[in-house]
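Asker: Quick one: this structure, given as structure tokens, is what I'll be asking you about.
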Amino acid sequence: MKSENDEVIGVSLLLFGSLLALSVGIDLFQGTNVLQALYNALSPFRVMEVAELFVLFSFSQSRFTFF
């Protein structure tokens with residue numbers, strides 16, 4: 001008998017795998033090699049621009065306003 005937590009973990013892993021494959025596929029389509037595409041997908045904070053980091057920080061600080 002499956003619990004609700006098993007379903008949430010399964011769906012989360014399915015979404016993670018799908019988005020990772022999409023990210024690697026887009027990088028490969030743009031001409032990067034497989035290792036660089038995997039590096040970009042698995043270490044997103046190293047390839048982010050300063051403006052993207054600022055938006056990420058702003059969203060992480062504003063999460064308290066929603067609750």
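Starting from 1 in every chain, residues are counted up; chains themselves are A, B, ... following the order of the structure tokens, and ligands are numbered from 1 as listed.
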Enumerate, as an MDAnalysis selection string, the complete set of residues in chain A that a backbone-based DSSP assignment places in alpha helix (DSSP H).
Answerer: chainID A and resid 4:29 34:42 50:62
Asker: Hey, what's within 10 Å of A:Leu42 if we count only C-alpha atoms and toss same-chain stuff fewer than 5 positions away? As a list in words, please?
Answerer: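 Listed by chain and then number, they are Leu20, Ser23, Val24, Gln36 and Ala37 of chain A.
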